[in-house]
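Engineer: The structure is given below, and queries will be raised subsequently.
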Amino acid sequence: MPSWRIHRKYGKLLGIDEEIQKRIDEFIDRYDHHDFFDHFIEKTSTQKFRALGNVRILCYYFDSSSFLKSEMYKEIEMYGEEGIKCFFLHVFLDIIERNTRFKNTPDIIIFEDLHGLLRNYIDEVGRFVEDYYEEILEDIRRYRRRKGQGTGRTVGMVKGTLINAILSSLFRNMKGVVYPYGPKMIYYRKIIKDYGIEYFLSELKRHGDYNTFIQNLKKNFTTLRDEIIFPEVMGIIEKYDIDEILSNESLLKEFLRRMFRVRV
């Protein structure tokens with residue numbers, strides 16, 4: 001587990017009252033039921049992704065239905081919404097710390113609410129953790145160094161990190177910058193978001209990067225075959241192979257819209 005000092009730091013940044021943070025942390029780490037949240041979590045793992053350095057995805061499914069019926073929840077509920085957010089912050093930080101032990105490249109973690117009853121809290125805290133992820137890792141590294149332990153290179157914590165890593169692989173070997181946006185990947189991602197897939201494809205061709213993008217897409221196509229990470233594209237992938245998608249312009253555009261999650 002990270003030090004309580006780390007828990008308190010990020011609790012404060014999340015806007016949680018310091019006294020509530022203190023009480024929740026002490027309750028979770030109490031000797032007679034230390035890390036009781038493990039009883040409400042089922043963990044599974046996926047195959048390794050070679051494109052990401054043989055990194056696995058660990059999926060944590062939280063049984064919110066059972067948790068809401070437990071005595072543990074009653075203790076946390078007394079502190080209102082801040083108490084619930086503090087609980088999930090503690091869980092996330094503990095999982096990150098565990099996942100950085102004794103690994104050169106720790107696995108990527110996805111945390112899902114099995115029944116959706118506390119999804120709003122999990123999503124809010126998950127986004128917060130992802131925003132501060134690198135800083136959290138550095139705090140854990142410093143803590144480990146003081147204790148004489150090592151921390152490996154870490155790839156990611158939540159689903160958004162993995163999605164961005166996979167999508168970024170589609171822009172490899174695209175040299176140069178586009179003024180004033182900077183590296184081409186940043187420019188193309190902005191174009192996709194602001195103007196859609198059709199304009200994005202035309203810009204790839206204009207800058208001479210279309211063939212590179214297509215080759216990257218073919219090379220990384222297998223990484224998209226995961227219904228947890230890219231459920232939007234499964235309907236296409238299950239019907240067509242990559243060559244069929246690339247040979248049909250309309251199908252390619254629809255595939256890219258789903259993959260990048262844009263409407264146009």
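In the structure tokens, the first chain shown is A, the next is B, and so on; residue numbers restart at 1 for each chain, and ligands run from 1 in the order shown.
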Would you kindly return, as a list in words, each protein, DNA or RNA residue with an atom no farther than 10 Å from any atom of Phe200 (chain A), considering only C-alpha atoms and excluding same-chain residues fewer than 2 positions away?
Structural biologist: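 Residues meeting the cut-off are Tyr187, Tyr188, Arg189, Lys190, Ile191, Ile192, Lys193, Asp194, Tyr195, Gly196, Ile197, Glu198, Ser202, Glu203, Leu204, Lys205, Arg206 and Tyr210 of chain A.
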Engineer: If you count only C-alpha atoms, which residues fall within 10 Å of Leu246 (chain A), apart from same-chain ones fewer than 6 positions away, as an mmCIF file with C-alpha atoms, in the first residue's frame?
Structural biologist:
```cif
data_model
loop_
_atom_site.group_PDB
_atom_site.id
_atom_site.type_symbol
_atom_site.label_atom_id
_atom_site.label_comp_id
_atom_site.auth_asym_id
_atom_site.auth_seq_id
_atom_site.Cartn_x
_atom_site.Cartn_y
_atom_site.Cartn_z
ATOM 1 C CA ILE A 214 -2.703 2.284 -43.505
ATOM 2 C CA LEU A 217 -3.471 0.080 -39.105
ATOM 3 C CA LYS A 218 -2.763 -3.291 -40.708
ATOM 4 C CA TYR A 240 -14.701 -8.257 -42.275
ATOM 5 C CA LEU A 252 -13.086 2.167 -43.775
ATOM 6 C CA LYS A 253 -14.562 5.533 -42.825
ATOM 7 C CA PHE A 255 -14.571 1.718 -39.012
#
```
Engineer: Quick one: residues within 8 Å of region 22-37 of chain A, only C-alpha atoms counted, chain neighbours fewer than 6 positions away excluded, as a list of chain:residue names?
Structural biologist: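 Residues near the query, excluding close chain neighbours: A:Trp4, A:His7, A:Arg8, A:Ile76, A:Gly83, A:Cys86, A:Phe87, A:His90, A:Val91.
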Engineer: Would you kindly return, as a list in words, each protein, DNA or RNA residue with an atom no farther than 10 Å from any atom of His39 (chain A), considering only C-alpha atoms and excluding same-chain residues fewer than 5 positions away?
Structural biologist: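 Contacts, in chain order: Phe62, Asp63, Ser66 and Phe67 of chain A.
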Engineer: Could you save the residues just selected, with all heavy atoms, as a CSV table (one decimal), in the first residue's frame?
Structural biologist:
```csv
chain,number,residue,atom,x,y,z
A,62,PHE,N,-15.8,-4.7,-10.0
A,62,PHE,CA,-16.2,-4.4,-8.7
A,62,PHE,C,-17.7,-4.8,-8.5
A,62,PHE,O,-18.6,-4.3,-9.2
A,62,PHE,CB,-16.0,-2.9,-8.4
A,62,PHE,CG,-16.3,-2.5,-7.0
A,62,PHE,CD1,-15.5,-2.9,-5.9
A,62,PHE,CD2,-17.5,-1.8,-6.7
A,62,PHE,CE1,-15.8,-2.5,-4.6
A,62,PHE,CE2,-17.8,-1.4,-5.4
A,62,PHE,CZ,-16.9,-1.8,-4.4
A,63,ASP,N,-18.0,-5.6,-7.5
A,63,ASP,CA,-19.3,-6.0,-7.2
A,63,ASP,C,-20.1,-5.0,-6.3
A,63,ASP,O,-20.1,-5.1,-5.1
A,63,ASP,CB,-19.3,-7.4,-6.4
A,63,ASP,CG,-20.7,-8.0,-6.2
A,63,ASP,OD1,-21.7,-7.3,-6.5
A,63,ASP,OD2,-20.7,-9.2,-5.8
A,66,SER,N,-23.1,-6.2,-4.0
A,66,SER,CA,-22.8,-6.8,-2.7
A,66,SER,C,-22.2,-5.8,-1.8
A,66,SER,O,-22.5,-5.8,-0.6
A,66,SER,CB,-21.8,-8.0,-2.9
A,66,SER,OG,-22.4,-9.0,-3.6
A,67,PHE,N,-21.4,-4.9,-2.3
A,67,PHE,CA,-20.8,-3.9,-1.5
A,67,PHE,C,-21.8,-3.0,-0.8
A,67,PHE,O,-21.7,-2.6,0.4
A,67,PHE,CB,-19.8,-3.0,-2.3
A,67,PHE,CG,-19.2,-1.9,-1.6
A,67,PHE,CD1,-18.3,-2.1,-0.5
A,67,PHE,CD2,-19.4,-0.6,-2.0
A,67,PHE,CE1,-17.7,-1.1,0.2
A,67,PHE,CE2,-18.8,0.5,-1.3
A,67,PHE,CZ,-18.0,0.2,-0.2
```
Engineer: Name the residues of region 8-206 of chain A that fall into alpha helix (DSSP H) according to DSSP on the backbone, using the chain letters and numbers of this document, as a short mmCIF file (atom, residue, chain, number, x, y, z; two decimals) with N, CA, C and O atoms, in the first residue's frame.
Structural biologist:
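Listed below is the output, result.cif:
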```cif
data_model
loop_
_atom_site.label_atom_id
_atom_site.label_comp_id
_atom_site.auth_asym_id
_atom_site.auth_seq_id
_atom_site.Cartn_x
_atom_site.Cartn_y
_atom_site.Cartn_z
N ARG A 8 -3.43 11.06 1.34
CA ARG A 8 -3.94 12.38 1.77
C ARG A 8 -3.69 13.44 0.70
O ARG A 8 -4.53 14.31 0.47
N LYS A 9 -2.53 13.36 0.07
CA LYS A 9 -2.20 14.35 -0.97
C LYS A 9 -3.24 14.34 -2.07
O LYS A 9 -3.75 15.42 -2.46
N TYR A 10 -3.58 13.15 -2.57
CA TYR A 10 -4.51 13.09 -3.70
C TYR A 10 -5.95 13.23 -3.27
O TYR A 10 -6.80 13.68 -4.04
N GLY A 11 -6.23 12.89 -2.02
CA GLY A 11 -7.56 13.18 -1.49
C GLY A 11 -7.82 14.67 -1.46
O GLY A 11 -8.90 15.15 -1.83
N LYS A 12 -6.82 15.42 -1.04
CA LYS A 12 -6.94 16.88 -1.00
C LYS A 12 -7.13 17.45 -2.40
O LYS A 12 -7.97 18.34 -2.62
N LEU A 13 -6.36 16.93 -3.37
CA LEU A 13 -6.50 17.40 -4.75
C LEU A 13 -7.86 17.06 -5.34
O LEU A 13 -8.39 17.80 -6.18
N GLU A 18 -9.94 16.56 4.69
CA GLU A 18 -8.80 15.83 5.23
C GLU A 18 -9.19 14.87 6.35
O GLU A 18 -8.66 13.76 6.46
N GLU A 19 -10.13 15.28 7.19
CA GLU A 19 -10.56 14.41 8.29
C GLU A 19 -11.30 13.18 7.76
O GLU A 19 -11.13 12.07 8.27
N ILE A 20 -12.12 13.38 6.71
CA ILE A 20 -12.81 12.24 6.09
C ILE A 20 -11.78 11.29 5.47
O ILE A 20 -11.87 10.07 5.63
N GLN A 21 -10.79 11.85 4.78
CA GLN A 21 -9.74 11.03 4.20
C GLN A 21 -9.04 10.21 5.27
O GLN A 21 -8.81 9.00 5.09
N LYS A 22 -8.72 10.83 6.37
CA LYS A 22 -8.03 10.15 7.46
C LYS A 22 -8.86 8.99 7.99
O LYS A 22 -8.35 7.87 8.17
N ARG A 23 -10.14 9.23 8.20
CA ARG A 23 -11.00 8.19 8.78
C ARG A 23 -11.21 7.03 7.81
O ARG A 23 -11.22 5.87 8.20
N ILE A 24 -11.40 7.34 6.52
CA ILE A 24 -11.60 6.28 5.52
C ILE A 24 -10.33 5.45 5.37
O ILE A 24 -10.38 4.21 5.32
N ASP A 25 -9.18 6.11 5.28
CA ASP A 25 -7.92 5.38 5.13
C ASP A 25 -7.69 4.45 6.32
O ASP A 25 -7.30 3.28 6.16
N GLU A 26 -7.93 4.96 7.51
CA GLU A 26 -7.73 4.14 8.70
C GLU A 26 -8.71 2.98 8.76
O GLU A 26 -8.36 1.88 9.17
N PHE A 27 -9.94 3.21 8.31
CA PHE A 27 -10.94 2.14 8.30
C PHE A 27 -10.55 1.03 7.32
O PHE A 27 -10.62 -0.16 7.65
N ILE A 28 -10.14 1.41 6.10
CA ILE A 28 -9.77 0.40 5.10
C ILE A 28 -8.55 -0.40 5.54
O ILE A 28 -8.49 -1.62 5.33
N SER A 64 -20.57 -3.97 -6.99
CA SER A 64 -21.21 -2.87 -6.26
C SER A 64 -22.48 -3.30 -5.56
O SER A 64 -22.85 -2.75 -4.52
N SER A 65 -23.17 -4.31 -6.10
CA SER A 65 -24.41 -4.79 -5.48
C SER A 65 -24.13 -5.36 -4.10
O SER A 65 -24.80 -5.00 -3.12
N SER A 66 -23.15 -6.23 -4.01
CA SER A 66 -22.80 -6.83 -2.71
C SER A 66 -22.21 -5.78 -1.77
O SER A 66 -22.48 -5.78 -0.56
N PHE A 67 -21.41 -4.88 -2.33
CA PHE A 67 -20.78 -3.86 -1.49
C PHE A 67 -21.84 -2.97 -0.82
O PHE A 67 -21.73 -2.65 0.36
N LEU A 68 -22.87 -2.58 -1.58
CA LEU A 68 -23.90 -1.71 -1.03
C LEU A 68 -24.70 -2.37 0.09
O LEU A 68 -25.32 -1.69 0.90
N GLU A 71 -21.71 -4.30 5.61
CA GLU A 71 -21.47 -3.44 6.77
C GLU A 71 -20.38 -2.42 6.47
O GLU A 71 -20.39 -1.31 7.02
N MET A 72 -19.46 -2.79 5.58
CA MET A 72 -18.37 -1.89 5.22
C MET A 72 -18.93 -0.62 4.56
O MET A 72 -18.49 0.50 4.85
N TYR A 73 -19.91 -0.82 3.68
CA TYR A 73 -20.49 0.32 3.00
C TYR A 73 -21.19 1.26 3.99
O TYR A 73 -21.11 2.49 3.85
N LYS A 74 -21.84 0.68 4.98
CA LYS A 74 -22.54 1.51 5.97
C LYS A 74 -21.57 2.43 6.69
O LYS A 74 -21.89 3.58 7.00
N GLU A 75 -20.37 1.92 6.95
CA GLU A 75 -19.36 2.74 7.62
C GLU A 75 -18.90 3.88 6.73
O GLU A 75 -18.69 5.00 7.19
N ILE A 76 -18.75 3.60 5.46
CA ILE A 76 -18.26 4.61 4.52
C ILE A 76 -19.36 5.60 4.16
O ILE A 76 -19.12 6.80 4.01
N GLU A 77 -20.59 5.11 4.05
CA GLU A 77 -21.72 5.96 3.67
C GLU A 77 -21.95 7.09 4.66
O GLU A 77 -22.51 8.14 4.29
N GLY A 80 -20.92 10.42 3.42
CA GLY A 80 -21.53 10.96 2.22
C GLY A 80 -20.73 10.69 0.94
O GLY A 80 -19.94 9.74 0.88
N GLU A 81 -20.94 11.54 -0.06
CA GLU A 81 -20.28 11.35 -1.35
C GLU A 81 -18.76 11.43 -1.24
O GLU A 81 -18.05 10.70 -1.93
N GLU A 82 -18.28 12.31 -0.36
CA GLU A 82 -16.83 12.40 -0.19
C GLU A 82 -16.26 11.09 0.33
O GLU A 82 -15.17 10.67 -0.08
N GLY A 83 -16.99 10.44 1.22
CA GLY A 83 -16.53 9.17 1.75
C GLY A 83 -16.44 8.10 0.67
O GLY A 83 -15.49 7.31 0.63
N ILE A 84 -17.44 8.07 -0.23
CA ILE A 84 -17.44 7.06 -1.30
C ILE A 84 -16.31 7.34 -2.28
O ILE A 84 -15.59 6.42 -2.70
N LYS A 85 -16.12 8.61 -2.64
CA LYS A 85 -15.02 8.94 -3.55
C LYS A 85 -13.67 8.64 -2.90
O LYS A 85 -12.75 8.15 -3.56
N CYS A 86 -13.56 8.91 -1.62
CA CYS A 86 -12.33 8.63 -0.90
C CYS A 86 -12.05 7.13 -0.89
O CYS A 86 -10.90 6.70 -1.04
N PHE A 87 -13.10 6.33 -0.73
CA PHE A 87 -12.96 4.87 -0.75
C PHE A 87 -12.37 4.40 -2.07
O PHE A 87 -11.38 3.64 -2.10
N PHE A 88 -12.93 4.86 -3.18
CA PHE A 88 -12.44 4.42 -4.48
C PHE A 88 -11.05 4.99 -4.78
O PHE A 88 -10.23 4.33 -5.43
N LEU A 89 -10.75 6.19 -4.30
CA LEU A 89 -9.40 6.73 -4.46
C LEU A 89 -8.39 5.83 -3.75
O LEU A 89 -7.33 5.51 -4.29
N HIS A 90 -8.73 5.41 -2.55
CA HIS A 90 -7.85 4.51 -1.80
C HIS A 90 -7.65 3.20 -2.56
O HIS A 90 -6.52 2.71 -2.67
N VAL A 91 -8.74 2.66 -3.10
CA VAL A 91 -8.65 1.40 -3.85
C VAL A 91 -7.74 1.57 -5.06
O VAL A 91 -6.85 0.75 -5.32
N PHE A 92 -7.94 2.64 -5.83
CA PHE A 92 -7.15 2.86 -7.04
C PHE A 92 -5.67 3.01 -6.70
O PHE A 92 -4.80 2.45 -7.38
N LEU A 93 -5.36 3.80 -5.68
CA LEU A 93 -3.96 4.02 -5.32
C LEU A 93 -3.31 2.72 -4.84
O LEU A 93 -2.15 2.45 -5.17
N ASP A 94 -4.05 1.92 -4.10
CA ASP A 94 -3.51 0.63 -3.66
C ASP A 94 -3.25 -0.30 -4.84
O ASP A 94 -2.22 -0.99 -4.89
N ILE A 95 -4.16 -0.32 -5.80
CA ILE A 95 -3.98 -1.19 -6.97
C ILE A 95 -2.79 -0.73 -7.80
O ILE A 95 -2.01 -1.55 -8.29
N ILE A 96 -2.64 0.58 -7.97
CA ILE A 96 -1.48 1.09 -8.70
C ILE A 96 -0.19 0.65 -8.01
O ILE A 96 0.75 0.20 -8.66
N GLU A 97 -0.15 0.80 -6.69
CA GLU A 97 1.06 0.43 -5.95
C GLU A 97 1.37 -1.06 -6.11
O GLU A 97 2.52 -1.45 -6.35
N ARG A 98 0.35 -1.89 -6.03
CA ARG A 98 0.55 -3.33 -6.20
C ARG A 98 1.09 -3.64 -7.59
O ARG A 98 1.94 -4.50 -7.76
N ASN A 99 0.56 -2.92 -8.57
CA ASN A 99 0.89 -3.23 -9.96
C ASN A 99 2.26 -2.73 -10.38
O ASN A 99 2.70 -2.97 -11.49
N ARG A 119 -21.11 3.55 -10.59
CA ARG A 119 -20.27 3.87 -11.75
C ARG A 119 -19.88 5.34 -11.79
O ARG A 119 -18.77 5.67 -12.19
N ASN A 120 -20.77 6.24 -11.39
CA ASN A 120 -20.45 7.66 -11.44
C ASN A 120 -19.24 7.99 -10.58
O ASN A 120 -18.37 8.78 -10.98
N TYR A 121 -19.19 7.39 -9.40
CA TYR A 121 -18.06 7.64 -8.51
C TYR A 121 -16.78 7.02 -9.08
O TYR A 121 -15.71 7.65 -9.06
N ILE A 122 -16.88 5.81 -9.58
CA ILE A 122 -15.71 5.13 -10.15
C ILE A 122 -15.18 5.89 -11.35
O ILE A 122 -13.97 6.08 -11.50
N ASP A 123 -16.08 6.35 -12.22
CA ASP A 123 -15.64 7.09 -13.40
C ASP A 123 -14.98 8.41 -13.02
O ASP A 123 -13.95 8.80 -13.59
N GLU A 124 -15.57 9.12 -12.05
CA GLU A 124 -15.01 10.41 -11.64
C GLU A 124 -13.62 10.24 -11.04
O GLU A 124 -12.68 10.96 -11.40
N VAL A 125 -13.49 9.28 -10.12
CA VAL A 125 -12.19 9.06 -9.49
C VAL A 125 -11.20 8.50 -10.50
O VAL A 125 -10.02 8.85 -10.48
N GLY A 126 -11.67 7.63 -11.40
CA GLY A 126 -10.80 7.08 -12.43
C GLY A 126 -10.21 8.15 -13.33
O GLY A 126 -9.02 8.12 -13.66
N ARG A 127 -11.05 9.12 -13.74
CA ARG A 127 -10.55 10.22 -14.57
C ARG A 127 -9.53 11.05 -13.81
O ARG A 127 -8.51 11.48 -14.36
N PHE A 128 -9.81 11.29 -12.54
CA PHE A 128 -8.88 12.05 -11.71
C PHE A 128 -7.53 11.34 -11.61
O PHE A 128 -6.47 11.96 -11.78
N VAL A 129 -7.57 10.04 -11.34
CA VAL A 129 -6.34 9.26 -11.21
C VAL A 129 -5.55 9.28 -12.51
O VAL A 129 -4.33 9.42 -12.51
N GLU A 130 -6.25 9.17 -13.63
CA GLU A 130 -5.54 9.19 -14.91
C GLU A 130 -4.88 10.55 -15.15
O GLU A 130 -3.78 10.63 -15.68
N ASP A 131 -5.55 11.63 -14.77
CA ASP A 131 -4.97 12.96 -14.94
C ASP A 131 -3.68 13.12 -14.15
O ASP A 131 -2.75 13.81 -14.59
N TYR A 133 -1.74 10.56 -13.09
CA TYR A 133 -1.11 9.25 -13.05
C TYR A 133 0.41 9.31 -12.93
O TYR A 133 1.02 8.65 -12.08
N GLU A 134 1.06 10.10 -13.78
CA GLU A 134 2.52 10.17 -13.75
C GLU A 134 3.02 10.72 -12.41
O GLU A 134 4.04 10.26 -11.88
N GLU A 135 2.30 11.70 -11.87
CA GLU A 135 2.70 12.25 -10.57
C GLU A 135 2.52 11.22 -9.46
O GLU A 135 3.35 11.11 -8.55
N ILE A 136 1.44 10.44 -9.54
CA ILE A 136 1.22 9.37 -8.57
C ILE A 136 2.36 8.36 -8.63
O ILE A 136 2.89 7.93 -7.59
N LEU A 137 2.75 7.97 -9.84
CA LEU A 137 3.84 7.02 -10.00
C LEU A 137 5.13 7.55 -9.40
O LEU A 137 5.87 6.81 -8.74
N GLU A 138 5.41 8.81 -9.62
CA GLU A 138 6.65 9.38 -9.08
C GLU A 138 6.61 9.42 -7.56
O GLU A 138 7.62 9.16 -6.90
N ASP A 139 5.45 9.72 -6.99
CA ASP A 139 5.32 9.69 -5.52
C ASP A 139 5.56 8.29 -4.98
O ASP A 139 6.20 8.11 -3.94
N ILE A 140 5.03 7.29 -5.68
CA ILE A 140 5.23 5.90 -5.26
C ILE A 140 6.70 5.52 -5.41
O ILE A 140 7.27 4.83 -4.54
N ARG A 141 7.35 5.97 -6.48
CA ARG A 141 8.77 5.68 -6.67
C ARG A 141 9.60 6.26 -5.53
O ARG A 141 10.51 5.61 -4.99
N ARG A 142 9.31 7.51 -5.17
CA ARG A 142 10.06 8.13 -4.07
C ARG A 142 9.83 7.38 -2.77
O ARG A 142 10.76 7.16 -1.98
N TYR A 143 8.59 6.98 -2.56
CA TYR A 143 8.25 6.22 -1.35
C TYR A 143 9.01 4.90 -1.33
O TYR A 143 9.56 4.49 -0.30
N ARG A 144 9.07 4.24 -2.49
CA ARG A 144 9.79 2.96 -2.59
C ARG A 144 11.29 3.15 -2.36
O ARG A 144 11.94 2.32 -1.73
N ARG A 145 11.84 4.22 -2.94
CA ARG A 145 13.27 4.46 -2.78
C ARG A 145 13.63 4.65 -1.31
O ARG A 145 14.67 4.17 -0.84
N ARG A 146 12.76 5.34 -0.58
CA ARG A 146 13.01 5.53 0.85
C ARG A 146 12.97 4.20 1.59
O ARG A 146 13.65 4.01 2.59
N LYS A 147 12.15 3.26 1.09
CA LYS A 147 12.04 1.95 1.72
C LYS A 147 13.03 0.94 1.14
O LYS A 147 13.06 -0.22 1.54
N LYS A 159 -8.67 2.48 -18.61
CA LYS A 159 -8.94 2.16 -20.01
C LYS A 159 -8.49 3.25 -20.97
O LYS A 159 -7.96 2.96 -22.04
N GLY A 160 -8.70 4.49 -20.61
CA GLY A 160 -8.33 5.57 -21.52
C GLY A 160 -6.86 5.57 -21.88
O GLY A 160 -6.48 5.90 -23.00
N THR A 161 -5.99 5.18 -20.93
CA THR A 161 -4.56 5.14 -21.20
C THR A 161 -4.24 4.10 -22.26
O THR A 161 -3.44 4.34 -23.17
N LEU A 162 -4.86 2.93 -22.15
CA LEU A 162 -4.62 1.87 -23.13
C LEU A 162 -5.15 2.27 -24.50
O LEU A 162 -4.47 2.06 -25.52
N ILE A 163 -6.34 2.83 -24.56
CA ILE A 163 -6.90 3.26 -25.84
C ILE A 163 -5.98 4.27 -26.52
O ILE A 163 -5.69 4.16 -27.71
N ASN A 164 -5.50 5.25 -25.76
CA ASN A 164 -4.61 6.25 -26.34
C ASN A 164 -3.30 5.63 -26.81
O ASN A 164 -2.75 6.04 -27.84
N ALA A 165 -2.80 4.64 -26.06
CA ALA A 165 -1.56 3.98 -26.46
C ALA A 165 -1.74 3.25 -27.78
O ALA A 165 -0.87 3.30 -28.66
N ILE A 166 -2.85 2.56 -27.93
CA ILE A 166 -3.10 1.82 -29.17
C ILE A 166 -3.32 2.78 -30.34
O ILE A 166 -2.76 2.60 -31.42
N LEU A 167 -4.13 3.81 -30.11
CA LEU A 167 -4.38 4.77 -31.19
C LEU A 167 -3.10 5.51 -31.58
O LEU A 167 -2.89 5.82 -32.76
N SER A 168 -2.27 5.79 -30.60
CA SER A 168 -1.01 6.48 -30.91
C SER A 168 -0.12 5.64 -31.81
O SER A 168 0.66 6.18 -32.62
N LYS A 184 2.91 15.57 -35.85
CA LYS A 184 1.77 15.22 -36.70
C LYS A 184 0.68 14.46 -35.94
O LYS A 184 -0.51 14.65 -36.19
N MET A 185 1.08 13.58 -35.01
CA MET A 185 0.07 12.83 -34.28
C MET A 185 -0.89 13.76 -33.54
O MET A 185 -2.10 13.56 -33.55
N ILE A 186 -0.36 14.79 -32.91
CA ILE A 186 -1.20 15.75 -32.19
C ILE A 186 -2.13 16.46 -33.16
O ILE A 186 -3.32 16.65 -32.89
N TYR A 187 -1.57 16.85 -34.32
CA TYR A 187 -2.38 17.54 -35.31
C TYR A 187 -3.51 16.64 -35.82
O TYR A 187 -4.67 17.06 -35.87
N TYR A 188 -3.18 15.39 -36.17
CA TYR A 188 -4.19 14.50 -36.72
C TYR A 188 -5.27 14.16 -35.70
O TYR A 188 -6.45 14.07 -36.04
N ARG A 189 -4.88 13.98 -34.46
CA ARG A 189 -5.89 13.67 -33.43
C ARG A 189 -6.84 14.86 -33.25
O ARG A 189 -8.03 14.68 -33.01
N LYS A 190 -6.30 16.07 -33.36
CA LYS A 190 -7.16 17.26 -33.25
C LYS A 190 -8.09 17.36 -34.45
O LYS A 190 -9.27 17.70 -34.30
N ILE A 191 -7.57 17.06 -35.63
CA ILE A 191 -8.39 17.09 -36.84
C ILE A 191 -9.54 16.11 -36.73
O ILE A 191 -10.69 16.41 -37.09
N ILE A 192 -9.26 14.92 -36.25
CA ILE A 192 -10.30 13.90 -36.09
C ILE A 192 -11.39 14.41 -35.15
O ILE A 192 -12.59 14.29 -35.44
N LYS A 193 -10.97 14.97 -34.04
CA LYS A 193 -11.92 15.44 -33.04
C LYS A 193 -12.76 16.61 -33.54
O LYS A 193 -13.97 16.66 -33.32
N ASP A 194 -12.11 17.55 -34.22
CA ASP A 194 -12.80 18.79 -34.62
C ASP A 194 -13.51 18.71 -35.96
O ASP A 194 -14.54 19.37 -36.16
N TYR A 195 -12.96 17.91 -36.89
CA TYR A 195 -13.49 17.94 -38.25
C TYR A 195 -13.94 16.59 -38.80
O TYR A 195 -14.56 16.54 -39.86
N ILE A 197 -13.58 12.21 -39.76
CA ILE A 197 -12.74 11.23 -40.43
C ILE A 197 -12.45 11.60 -41.89
O ILE A 197 -11.32 11.44 -42.38
N GLU A 198 -13.43 12.10 -42.60
CA GLU A 198 -13.22 12.39 -44.02
C GLU A 198 -12.13 13.43 -44.21
O GLU A 198 -11.23 13.27 -45.05
N TYR A 199 -12.17 14.50 -43.43
CA TYR A 199 -11.14 15.53 -43.53
C TYR A 199 -9.80 15.00 -43.05
O TYR A 199 -8.73 15.32 -43.61
N PHE A 200 -9.83 14.15 -42.03
CA PHE A 200 -8.60 13.52 -41.53
C PHE A 200 -7.90 12.73 -42.63
O PHE A 200 -6.69 12.86 -42.84
N LEU A 201 -8.66 11.93 -43.36
CA LEU A 201 -8.06 11.13 -44.43
C LEU A 201 -7.49 12.02 -45.54
O LEU A 201 -6.43 11.73 -46.10
N SER A 202 -8.19 13.11 -45.83
CA SER A 202 -7.68 14.02 -46.86
C SER A 202 -6.39 14.70 -46.40
O SER A 202 -5.47 14.92 -47.21
N GLU A 203 -6.29 14.99 -45.10
CA GLU A 203 -5.06 15.59 -44.57
C GLU A 203 -3.91 14.60 -44.56
O GLU A 203 -2.76 14.97 -44.80
N LEU A 204 -4.19 13.34 -44.28
CA LEU A 204 -3.15 12.31 -44.36
C LEU A 204 -2.54 12.27 -45.77
O LEU A 204 -1.33 12.20 -45.93
N LYS A 205 -3.42 12.32 -46.75
CA LYS A 205 -2.95 12.28 -48.14
C LYS A 205 -2.19 13.54 -48.50
O LYS A 205 -1.15 13.49 -49.18
N ARG A 206 -2.67 14.69 -48.03
CA ARG A 206 -2.02 15.96 -48.37
C ARG A 206 -0.61 16.04 -47.81
O ARG A 206 0.30 16.60 -48.44
#
```
